[in-house]
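Below is final33.tsv, which holds TSV, C-alpha atoms.
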```tsv
chain	number	residue	atom	x	y	z
Z	513	GLY	CA	211.29	-88.78	1.96
Z	514	GLY	CA	214.24	-87.58	3.94
Z	515	GLY	CA	214.18	-88.11	7.67
Z	516	GLY	CA	216.24	-90.83	9.29
Z	517	GLY	CA	219.47	-89.76	10.87
Z	518	GLY	CA	221.04	-91.43	13.84
Z	519	GLY	CA	219.22	-94.69	13.27
Z	520	ASP	CA	216.63	-96.12	15.63
Z	521	PRO	CA	217.38	-96.26	19.34
Z	522	SER	CA	218.14	-99.72	20.74
Z	523	ASP	CA	215.75	-101.37	23.19
Z	524	GLN	CA	218.35	-100.61	25.85
Z	525	GLU	CA	218.43	-96.88	25.01
Z	526	ILE	CA	214.63	-96.77	25.05
Z	527	ARG	CA	214.51	-98.55	28.40
Z	528	ASN	CA	217.07	-96.23	29.93
Z	529	LYS	CA	215.18	-93.15	28.67
Z	530	LEU	CA	211.95	-94.55	30.10
Z	531	ILE	CA	213.57	-95.18	33.49
Z	532	GLU	CA	214.77	-91.56	33.40
Z	533	ARG	CA	211.22	-90.47	32.59
Z	534	GLU	CA	209.70	-92.54	35.40
Z	535	LYS	CA	212.20	-91.09	37.88
Z	536	ALA	CA	211.20	-87.59	36.75
Z	537	ARG	CA	207.51	-88.44	37.14
Z	538	LEU	CA	208.14	-89.88	40.59
Z	539	ALA	CA	209.81	-86.58	41.52
Z	540	LYS	CA	206.76	-84.72	40.11
Z	541	ASP	CA	209.15	-83.25	37.54
Z	542	PHE	CA	206.60	-83.43	34.75
Z	543	GLY	CA	208.39	-80.96	32.47
Z	544	VAL	CA	211.38	-83.29	32.26
Z	545	ALA	CA	209.13	-86.33	31.88
Z	546	ASP	CA	207.27	-84.66	28.99
Z	547	ASP	CA	210.54	-83.69	27.31
Z	548	ILE	CA	211.75	-87.29	27.43
Z	549	ARG	CA	208.43	-88.50	26.06
Z	550	ALA	CA	208.71	-85.96	23.24
Z	551	GLN	CA	212.31	-87.03	22.46
Z	552	LEU	CA	211.17	-90.65	22.24
Z	553	GLY	CA	208.22	-89.59	20.08
Z	554	GLN	CA	210.58	-87.95	17.59
Z	555	LYS	CA	212.35	-91.31	17.29
Z	556	GLY	CA	209.09	-93.12	16.62
Z	557	ILE	CA	208.66	-94.49	20.14
Z	558	ARG	CA	205.19	-94.30	21.65
Z	559	VAL	CA	204.66	-94.75	25.38
Z	560	ASP	CA	201.37	-96.28	26.52
Z	561	ASP	CA	201.12	-95.42	30.22
Z	562	ASN	CA	197.77	-97.17	30.67
Z	563	ASN	CA	199.22	-100.52	29.66
Z	564	ARG	CA	202.74	-99.72	30.86
Z	565	MET	CA	204.15	-100.54	27.42
Z	566	TRP	CA	206.17	-98.85	24.69
Z	567	THR	CA	206.00	-99.51	20.95
Z	568	SER	CA	208.23	-98.35	18.13
Z	569	ASN	CA	207.51	-97.55	14.48
Z	570	ASP	CA	209.63	-100.54	13.45
Z	571	GLY	CA	207.38	-102.95	15.31
Z	572	ARG	CA	209.34	-103.48	18.51
Z	573	SER	CA	207.65	-103.16	21.88
Z	574	GLY	CA	208.39	-103.75	25.51
Z	575	PRO	CA	207.25	-103.18	29.05
Z	576	ARG	CA	207.60	-99.68	30.45
Z	577	PRO	CA	210.15	-99.93	33.26
Z	578	SER	CA	209.55	-98.39	36.66
Z	579	ALA	CA	211.56	-95.66	38.35
Z	580	TYR	CA	213.08	-98.36	40.55
Z	581	ASP	CA	214.43	-100.43	37.66
Z	582	GLU	CA	218.15	-100.30	37.01
Z	583	PRO	CA	219.24	-98.90	33.66
Z	584	ASP	CA	220.71	-101.52	31.36
Z	585	GLY	CA	224.17	-101.41	29.98
Z	586	GLY	CA	227.44	-102.99	30.83
Z	587	GLY	CA	227.42	-105.20	33.90
Z	588	GLY	CA	225.16	-108.17	33.96
Z	589	GLY	CA	226.33	-111.50	32.71
Z	590	GLY	CA	226.47	-114.31	35.19
Z	591	GLY	CA	224.76	-117.52	34.26
Z	592	GLY	CA	222.95	-116.20	31.22
Z	593	ASP	CA	219.21	-115.70	31.02
Z	594	PRO	CA	216.86	-118.29	32.45
Z	595	SER	CA	214.94	-120.35	29.89
Z	596	ASP	CA	211.18	-119.94	29.50
Z	597	GLN	CA	210.89	-123.29	31.27
Z	598	GLU	CA	212.94	-122.15	34.27
Z	599	ILE	CA	210.90	-118.96	34.49
Z	600	ARG	CA	207.65	-120.90	34.30
Z	601	ASN	CA	208.75	-123.34	37.00
Z	602	LYS	CA	209.82	-120.49	39.30
Z	603	LEU	CA	206.47	-118.78	38.75
Z	604	ILE	CA	204.55	-121.96	39.58
Z	605	GLU	CA	206.63	-122.20	42.77
Z	606	ARG	CA	205.74	-118.57	43.52
Z	607	GLU	CA	202.01	-119.12	42.88
Z	608	LYS	CA	202.04	-122.17	45.20
Z	609	ALA	CA	203.67	-120.04	47.90
Z	610	ARG	CA	201.08	-117.30	47.41
Z	611	LEU	CA	198.25	-119.83	47.57
Z	612	ALA	CA	199.70	-121.03	50.89
Z	613	LYS	CA	199.83	-117.38	52.06
Z	614	ASP	CA	203.61	-117.80	52.24
Z	615	PHE	CA	204.26	-114.29	50.91
Z	616	GLY	CA	207.86	-114.13	52.12
Z	617	VAL	CA	208.76	-117.04	49.86
Z	618	ALA	CA	206.69	-115.60	47.01
Z	619	ASP	CA	208.47	-112.25	47.32
Z	620	ASP	CA	211.87	-113.95	47.40
Z	621	ILE	CA	211.10	-115.79	44.17
Z	622	ARG	CA	209.88	-112.56	42.57
Z	623	ALA	CA	213.10	-110.82	43.65
Z	624	GLN	CA	215.25	-113.67	42.27
Z	625	LEU	CA	213.45	-113.39	38.95
Z	626	GLY	CA	213.85	-109.61	39.05
Z	627	GLN	CA	217.61	-109.98	39.39
Z	628	LYS	CA	217.56	-112.05	36.21
Z	629	GLY	CA	215.61	-109.35	34.36
Z	630	ILE	CA	212.24	-111.07	34.65
Z	631	ARG	CA	209.32	-108.84	35.61
Z	632	VAL	CA	206.03	-110.33	36.81
Z	633	ASP	CA	202.86	-108.41	36.03
Z	634	ASP	CA	200.24	-109.85	38.38
Z	635	ASN	CA	197.48	-107.57	37.09
Z	636	ASN	CA	197.77	-108.94	33.56
Z	637	ARG	CA	199.04	-112.37	34.67
Z	638	MET	CA	202.10	-112.02	32.44
Z	639	TRP	CA	205.87	-112.09	32.75
Z	640	THR	CA	208.34	-110.22	30.57
Z	641	SER	CA	212.10	-110.46	30.35
Z	642	ASN	CA	214.75	-107.87	29.53
Z	643	ASP	CA	215.55	-109.75	26.33
Z	644	GLY	CA	212.04	-109.24	25.01
Z	645	ARG	CA	210.46	-112.60	25.82
Z	646	SER	CA	207.14	-112.79	27.60
Z	647	GLY	CA	204.56	-115.35	28.57
Z	648	PRO	CA	201.50	-116.06	30.65
Z	649	ARG	CA	201.96	-116.34	34.39
Z	650	PRO	CA	201.11	-119.94	35.28
Z	651	SER	CA	198.81	-120.82	38.16
Z	652	ALA	CA	199.60	-122.81	41.29
Z	653	TYR	CA	197.79	-125.77	39.71
Z	654	ASP	CA	199.96	-125.90	36.60
Z	655	GLU	CA	202.52	-128.66	36.37
Z	656	PRO	CA	206.17	-127.62	36.14
Z	657	ASP	CA	207.74	-128.32	32.75
Z	658	GLY	CA	210.63	-130.61	32.06
Z	659	GLY	CA	212.50	-132.63	34.61
Z	660	GLY	CA	210.78	-135.95	35.08
Z	661	GLY	CA	211.93	-139.06	33.27
Z	662	GLY	CA	215.49	-140.08	33.83
Z	663	GLY	CA	216.17	-143.13	35.95
Z	664	GLY	CA	217.51	-146.36	34.59
```
For this file, produce the structure as structure tokens.
Amino acid sequence: GGGGGGGDPSDQEIRNKLIEREKARLAKDFGVADDIRAQLGQKGIRVDDNNRMWTSNDGRSGPRPSAYDEPDGGGGGGGGDPSDQEIRNKLIEREKARLAKDFGVADDIRAQLGQKGIRVDDNNRMWTSNDGRSGPRPSAYDEPDGGGGGGG
């Protein structure tokens, strides 16, 4: 029995700690990085560097942020989060641009999504959002959702 104390860290706290850890790793400051990993471990958070994921004892999980990600907290707002459909449509647009070797456009779309907290993992053909959603990255041949109809 016993244990507990302080409650579980929020996804935001975990993310911020992981960004701190990635910054330490980038600076080759492995002592600090290991300390942060150990602190997370004590709170039941496991970091899977191979898959760039974290998981918690209470069943939550999320993508491991990079050193270049901005810590969460405060700020934000503005237009709310894009729907899965909007994300999917943007990603189809991006894939079409990539297929056409139009990498400037593709990068712009990726950056726009990034500003909205959507990360695209091209290796695993997945996207993940700051609010914990994720989905498969569509291909250039997929049809955009929604829209259509209307008229009359």
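Minimum atom-to-atom distance to Z:Pro656, evaluated using only C-alpha atoms, belongs to Z:Leu603 out of Z:Ile630, Z:Val617, Z:Leu603, Z:Leu538.
Of the residues under consideration (Z:Glu605, Z:Glu598, Z:Asp634, Z:Glu532), Z:Glu605 shows the shortest atom-to-atom contact distance to Z:Ala652 when counting only C-alpha atoms.
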Practice task
Determine, counting all atoms listed in the file, which protein, DNA and RNA residues have an atom within 10 Å of an atom of stretch 523-531 of chain Z; residues of the same chain fewer than 5 positions away are not included. Present the result as a PyMOL selection string.
Solution key: chain Z and resi 536-537+545+548-549+551-552+555+557+559+566-568+572-585+642-644
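Between atom CA of Z:Arg600 and atom CA of Z:Ser641 the interatomic distance comes to 12.0 Å.
Relative to atom CA of Z:Arg558, atom CA of Z:Gly571 is found at 10.9 Å.
Taking atom CA of Z:Val544 and atom CA of Z:Met565 as endpoints, the distance between them is 19.3 Å.
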Practice task
Place a sphere of radius 9 Å on (207.3, -114.9, 46.8) in the file coordinates and name every protein, DNA or RNA residue with an atom inside or on its surface, counting only C-alpha atoms; give the answer as a PyMOL selection string.
Solution key: chain Z and resi 603+605-607+609-610+614-623
Build an axis-aligned box that encloses every atom of stretch 525-540 of chain Z listed in the file, pad it by 5 Å on each side, and report its centre and edge lengths in Å to one decimal, as AutoDock Vina command-line options.
```
--center_x 212.6 --center_y -91.6 --center_z 33.3 --size_x 21.7 --size_y 23.8 --size_z 26.5
```
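Compared by their closest atoms to Z:Ile604, and using only C-alpha atoms, the residues Z:Gly519, Z:Asn569, Z:Pro650, Z:Gly543 rank with Z:Pro650 nearest.
Distances here use only C-alpha atoms; by that measure, the residue among Z:Ser651, Z:Ser522, Z:Asn636, Z:Gln597 closest to Z:Asp570 is Z:Ser522.
Close contacts of Z:Gly647, defined as residues with an atom at most 7 Å away when counting all atoms listed in the file, with chain neighbours fewer than 4 positions off set aside, comprise Met638, Trp639 and Thr640 of chain Z.
Residue nearest Z:Gly553 within the list Z:Asp541, Z:Asp520, Z:Asn601, Z:Asp633: Z:Asp520 [criterion: smallest interatomic distance, only C-alpha atoms].
Compared by their closest atoms to Z:Lys602, and using all atoms listed in the file, the residues Z:Arg637, Z:Lys540, Z:Arg649, Z:Glu534 rank with Z:Arg649 nearest.
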